[in-house]
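Asker: Sharing a structure here in structure tokens format.
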Amino acid sequence: MRAIRGRIGVVAALVLAVALALSALAGLSTRPAGIPGDGPWAVQLSEPEGDWAACLDDPALTSPTTWGSTVTAVFEDGATEPDVQRVLDCLDDAMTGGTVQVGTVDPVDA
């Protein structure tokens, strides 16, 4: 009887460890927590992995620029928050690694 309880305890500990590991990995999502209230917006990818390039071909974005392992694209004048969300959704589906940041840019720099 004691051996069975010990095995159940080990199995329960393993299940808990796997669950905690999966929840930690889920926290590494590529999507940022929120979109700033007002544009103009820009999206920046750091060390992107996966088939994400087509997401930056969106008509709401200017041509992306690459510097090292960072890719940045500015949203066109007149882009709306749903445009930003569409691009972020695409990146969330396409990226297998790396990070995504979205922020605002100074209109002079855009």
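Convention: chains lettered A, B, ... in structure tokens order; per-chain residue numbering from 1; ligands numbered from 1 as shown.
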May I have the residues within 9 Å of region 72-84 of chain A as number ranges by chain, using only C-alpha atoms and disregarding those fewer than 6 positions away in the same chain?
Answerer: A: 35-46, 56, 58-66, 102, 104-105, 110
Asker: From the list A:Gln101, A:Asp51, A:Ser69, A:Asp57, which residue is nearest Leu88 (chain A) when using only C-alpha atoms?
Answerer: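 Checking each of A:Gln101, A:Asp51, A:Ser69, A:Asp57 against Leu88 (chain A), counting only C-alpha atoms, the winner is A:Gln101.
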Asker: Could you please write out, as a PyMOL selection string, every residue of region 24-107 of chain A that DSSP assigns to strand (DSSP E or B)?
Answerer: chain A and resi 41-50+61+65-67+70-75+95-104
Asker: Quick one: write out the picked residues with N, CA, C and O atoms as a compact mmCIF listing (two decimals), in the first residue's frame?
Answerer:
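Heads up, here's the output in out-v4.txt:
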```txt
# COMPACT_ATOMS: atom_id res chain seq x y z
N TRP A 41 1.66 54.19 -34.89
CA TRP A 41 2.25 53.02 -34.24
C TRP A 41 3.41 52.45 -35.05
O TRP A 41 3.53 52.69 -36.25
N ALA A 42 4.22 51.66 -34.36
CA ALA A 42 5.28 50.88 -35.00
C ALA A 42 5.31 49.52 -34.30
O ALA A 42 4.96 49.41 -33.13
N VAL A 43 5.73 48.52 -35.04
CA VAL A 43 5.89 47.18 -34.48
C VAL A 43 7.35 46.78 -34.65
O VAL A 43 7.96 47.04 -35.69
N GLN A 44 7.90 46.18 -33.59
CA GLN A 44 9.31 45.78 -33.61
C GLN A 44 9.41 44.32 -33.20
O GLN A 44 8.87 43.91 -32.18
N LEU A 45 10.11 43.55 -34.02
CA LEU A 45 10.35 42.14 -33.74
C LEU A 45 11.82 41.98 -33.37
O LEU A 45 12.70 42.48 -34.07
N SER A 46 12.07 41.29 -32.28
CA SER A 46 13.44 41.00 -31.87
C SER A 46 13.68 39.51 -31.98
O SER A 46 12.93 38.71 -31.42
N GLU A 47 14.72 39.15 -32.73
CA GLU A 47 15.09 37.76 -32.96
C GLU A 47 13.89 36.91 -33.38
O GLU A 47 13.62 35.86 -32.79
N PRO A 48 13.13 37.37 -34.40
CA PRO A 48 11.93 36.63 -34.80
C PRO A 48 12.26 35.28 -35.42
O PRO A 48 13.25 35.14 -36.14
N GLU A 49 11.44 34.29 -35.12
CA GLU A 49 11.57 32.96 -35.69
C GLU A 49 10.22 32.55 -36.26
O GLU A 49 9.18 33.01 -35.79
N GLY A 50 10.24 31.72 -37.27
CA GLY A 50 9.00 31.25 -37.87
C GLY A 50 8.76 31.91 -39.21
O GLY A 50 9.64 32.58 -39.77
N LEU A 61 1.24 48.77 -43.25
CA LEU A 61 2.62 48.96 -42.79
C LEU A 61 3.50 49.54 -43.89
O LEU A 61 3.31 49.27 -45.07
N THR A 65 12.28 47.65 -41.82
CA THR A 65 13.73 47.82 -41.81
C THR A 65 14.33 46.79 -40.85
O THR A 65 13.71 46.45 -39.84
N THR A 66 15.50 46.32 -41.19
CA THR A 66 16.17 45.31 -40.37
C THR A 66 17.50 45.86 -39.91
O THR A 66 18.25 46.43 -40.70
N TRP A 67 17.77 45.69 -38.63
CA TRP A 67 19.05 46.06 -38.07
C TRP A 67 19.47 44.95 -37.14
O TRP A 67 18.88 44.75 -36.08
N THR A 70 16.83 42.64 -35.34
CA THR A 70 15.61 43.41 -35.04
C THR A 70 14.99 43.89 -36.34
O THR A 70 15.67 44.41 -37.21
N VAL A 71 13.68 43.73 -36.45
CA VAL A 71 12.92 44.18 -37.62
C VAL A 71 11.87 45.16 -37.12
O VAL A 71 11.15 44.88 -36.16
N THR A 72 11.79 46.32 -37.77
CA THR A 72 10.83 47.35 -37.37
C THR A 72 10.02 47.78 -38.58
O THR A 72 10.56 47.97 -39.67
N ALA A 73 8.72 47.94 -38.38
CA ALA A 73 7.84 48.48 -39.43
C ALA A 73 6.92 49.50 -38.77
O ALA A 73 6.41 49.28 -37.68
N VAL A 74 6.74 50.62 -39.46
CA VAL A 74 5.87 51.69 -38.97
C VAL A 74 4.54 51.58 -39.71
O VAL A 74 4.51 51.31 -40.91
N PHE A 75 3.46 51.82 -39.00
CA PHE A 75 2.15 51.80 -39.62
C PHE A 75 1.94 53.09 -40.42
O PHE A 75 2.40 54.17 -40.02
N MET A 95 4.79 33.49 -35.66
CA MET A 95 6.09 33.45 -34.99
C MET A 95 6.19 32.26 -34.05
O MET A 95 5.26 31.96 -33.33
N THR A 96 7.33 31.60 -34.12
CA THR A 96 7.59 30.47 -33.23
C THR A 96 8.59 30.83 -32.14
O THR A 96 8.85 30.03 -31.25
N GLY A 97 9.15 32.03 -32.21
CA GLY A 97 10.10 32.49 -31.21
C GLY A 97 10.40 33.95 -31.44
O GLY A 97 10.03 34.53 -32.46
N GLY A 98 11.04 34.57 -30.48
CA GLY A 98 11.33 35.99 -30.55
C GLY A 98 10.29 36.79 -29.78
O GLY A 98 9.41 36.23 -29.13
N THR A 99 10.42 38.11 -29.86
CA THR A 99 9.48 38.97 -29.14
C THR A 99 8.90 40.01 -30.10
O THR A 99 9.51 40.37 -31.10
N VAL A 100 7.72 40.51 -29.72
CA VAL A 100 7.04 41.56 -30.48
C VAL A 100 6.75 42.70 -29.51
O VAL A 100 6.29 42.48 -28.39
N GLN A 101 7.05 43.90 -29.96
CA GLN A 101 6.71 45.10 -29.20
C GLN A 101 5.97 46.03 -30.12
O GLN A 101 6.31 46.15 -31.30
N VAL A 102 4.96 46.69 -29.62
CA VAL A 102 4.26 47.70 -30.39
C VAL A 102 4.25 48.97 -29.57
O VAL A 102 4.11 48.95 -28.35
N GLY A 103 4.50 50.08 -30.23
CA GLY A 103 4.54 51.36 -29.55
C GLY A 103 4.19 52.47 -30.51
O GLY A 103 3.81 52.22 -31.66
N THR A 104 4.33 53.66 -30.03
CA THR A 104 4.05 54.81 -30.88
C THR A 104 5.37 55.44 -31.32
O THR A 104 6.39 55.24 -30.69
```
Asker: Residues within 9 Å of Ala94 (chain A), please, as a PyMOL selection string. Count only C-alpha atoms; anything in the same chain fewer than 3 positions from it doesn't count.
Answerer: chain A and resi 49-55+89-91
Asker: Could you find all residues in region 28-71 of chain A that DSSP calls helix (DSSP H, G or I) from the backbone, and write them as an NGL selection string?
Answerer: :A and (53-57)
